[in-house]
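*Asks:* Sharing a structure below in structure tokens format, with a few things to ask.
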Amino acid sequence: MGATVCDDYTVDALGRERDRLLQRSARMVGTASTLVSFLCFLVPGLVEADILFAVVPLFIVLLAVHLLIGNSRSLPLVCAGLVAGLAILAVVQIPGSAEPNATLLNAMSPLAAGGLSSFTMVLLEGRWRHTVLAVAYILSLGLMVSAAPTDDLAARVAILVTFGWALTTVFAYWLNASVPRAARRIRSIGRAHMAERRASETEAQRRQGARLLHDTVLATLTLLAHSGVGVSADSMRQQAADDARLLRQLRLGVTVNPSSSGNYNLEPVAETPLGTTLESVKQRFGRMGLEVAWHGTGHVLLPSDVLDAFLLALSECLENVRRHAGVSNAHVTITEDETTVRAMVTDQGIGFVLEEVDEQSLGYKESIVGRLKEVGGNARLFSAPGAGTTVVLEVPRT
């Protein structure tokens with residue numbers, strides 16, 4: 001339904017732009033051609049003074065119609081312009097006003113081929129408009145041919161007038177036919193963009209789901225696989241219950257907003273004190289048997305999405321210490337400046353060779369690096385065998 005409304009809006013908007021372009025084109029071509037013809041009639045001796053005085057008001061009416069046609073497609077207005085133009089072509093041929101000659105024919109040509117044919121740009125739709133268009137063309141052609149002193153000039157002027165009318169008509173119909181094609185292309189591009197957007201959203205949801213499962217259920221299962229060494233039975237039961245509740249929410253299609261690893265709630269928070277939310281991280285790893293010494297800033301405000309990414313990445317770092325460092329303690333130092341909040345996670349464990357880190361592993365690439373990149377942050381890793389490991393997490397304040 002939404003796509004249909006959008007498509008209709010696009011077609012309507014393009015149609016309005018088309019009409020405005022045609023009206024402005026008609027005004028420009030008609031005004032220029034009429035002025036050229038009027039200036040030619042001002043050449044001394046071309047027509048008698050009384051005839052000139054008779055056609056000047058007609059030229060004024062025609063010019064006024066051309067100026068107004070840029071804002072209106074009214075059929076009566078167009079008819080008034082056509083009548084004024086045809087009247088000029090007829091009046092200058094009143095017997096005795098001037099002898100038929102090539103100069104007079106040249107003065108009339110811009111009016112017949114451009115000044116009158118420009119109205120075709122606003123006579124595209126409707127049977128009555130087509131009828132007016134055909135009658136105006138026939139009359140203008142007849143008046144021009146009758147003013148030609150020779151058959152050769154009559155043939156030439158007929159070609160000139162026909163070419164002028166044909167050119168404006170073809171331009172008008174071409175532009176009119178281009179609108180549906182443009183609308184179809186816009187719809188095609190819109191559908192492709194929508195499909196790409198849905199695919200991106202699906203991929204983002206898949207990656208988020210993988211991260212959630214890695215940080216919660218898989219971590220708990222790994223702990224169970226190692227017989228829960230270092231973790232009390234009550235802590236294991238509480239962690240398993242939290243994971244079960246998360247799985248039920250995911251199965252029901254609930255969008256889960258994580259506040260920390262192993263702790264997911266359904267209430268989004270615009271801004272949360274970092275010190276308060278860190279308590280859930282401290283409690284979780286306290287239950288897991290990892291002693292964490294916290295240093296630095298204890299109360300920082302971050303937007304909810306940045307805070308989520310920051311705490312989840314921090315929790316994953318501590319989980320890696322608990323599982324891989326071979327020690328039971330770690331240090332977390334949180335600092336901030338005007339633009340950035342940083343957390344430095346340090347342990348004195350066994351360390352490792354950086355070049356041997358599998359960057360394709362979900363825990364490193366997704367739960368830490370990928371999660372921070374999504375909110376404009378980054379992670380840096382420092383380690384060496386026997387020298388422990390340090391991870392620096394950075395996120396923007398806004």
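By convention here, the chains of the structure tokens are called A, B, ... in the order presented, each chain's residues are numbered starting at 1, and ligands are numbered starting at 1 in the order presented.
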Any idea what's packed within 12 Å of A:Leu63, counting only C-alpha atoms, ignoring anything in its chain fewer than 4 positions away? Could you give it as number ranges by chain?
*Replies:* A: 26-38, 56-59, 67-70, 77-78, 80-82, 84-85, 111, 115-116
*Asks:* Would you list the contacts of A:Thr120 as a list in words, taking every protein, DNA or RNA residue within 9 Å and counting only C-alpha atoms, but skipping same-chain residues closer than 2 positions in sequence?
*Replies:*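 My reading of the contact set: Ala26, Leu116, Ser117, Ser118, Val122, Leu123, Leu124, Arg129, His130, Leu133, Trp165, Thr168, Thr169 and Ala172 of chain A.
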*Asks:* Which one is closest to A:Phe53: A:Gly376, A:Phe41, A:Ser72, A:Leu354? Count only C-alpha atoms.
*Replies:*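 With only C-alpha atoms as the atom set, the closest residue is A:Phe41.
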*Asks:* Work out how far atom CA of A:Leu21 is from atom CA of A:Tyr173, in Å to one decimal.
*Replies:*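 Separation of atom CA of A:Tyr173 and atom CA of A:Leu21: 12.5 Å.
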*Asks:* For A:Glu394, work out the shell of residues within 9 Å, counting only C-alpha atoms and skipping chain neighbours fewer than 4 positions away, then give it as a CSV table (one decimal) with C-alpha atoms, in the first residue's frame.
*Replies:*
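Result file out25.csv:
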```csv
chain,number,residue,atom,x,y,z
A,310,PHE,CA,30.6,-0.2,24.6
A,340,THR,CA,35.7,10.0,23.4
A,341,VAL,CA,35.1,7.4,26.2
A,342,ARG,CA,37.8,4.8,26.5
A,343,ALA,CA,38.0,1.5,28.4
A,344,MET,CA,41.4,-0.2,28.8
A,372,LEU,CA,32.2,-0.8,18.0
A,376,GLY,CA,31.8,5.0,15.2
A,377,GLY,CA,34.2,3.4,17.7
A,378,ASN,CA,37.3,1.2,17.4
A,379,ALA,CA,39.3,-1.4,19.3
A,380,ARG,CA,43.1,-1.8,19.6
```
*Asks:* Of the candidates A:His295, A:Arg371, A:Val332, A:Ser109, which one gets nearest to A:Leu312 if we count only C-alpha atoms?
*Replies:*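 Using only C-alpha atoms, A:Leu312 sits closest to A:Arg371.
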*Asks:* Taking only C-alpha atoms into account, name the residue in A:Thr297, A:Ser315, A:Asn320, A:Ser383 that is nearest to A:Val281.
*Replies:*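 Nearest candidate to A:Val281 out of A:Thr297, A:Ser315, A:Asn320, A:Ser383: A:Ser315.
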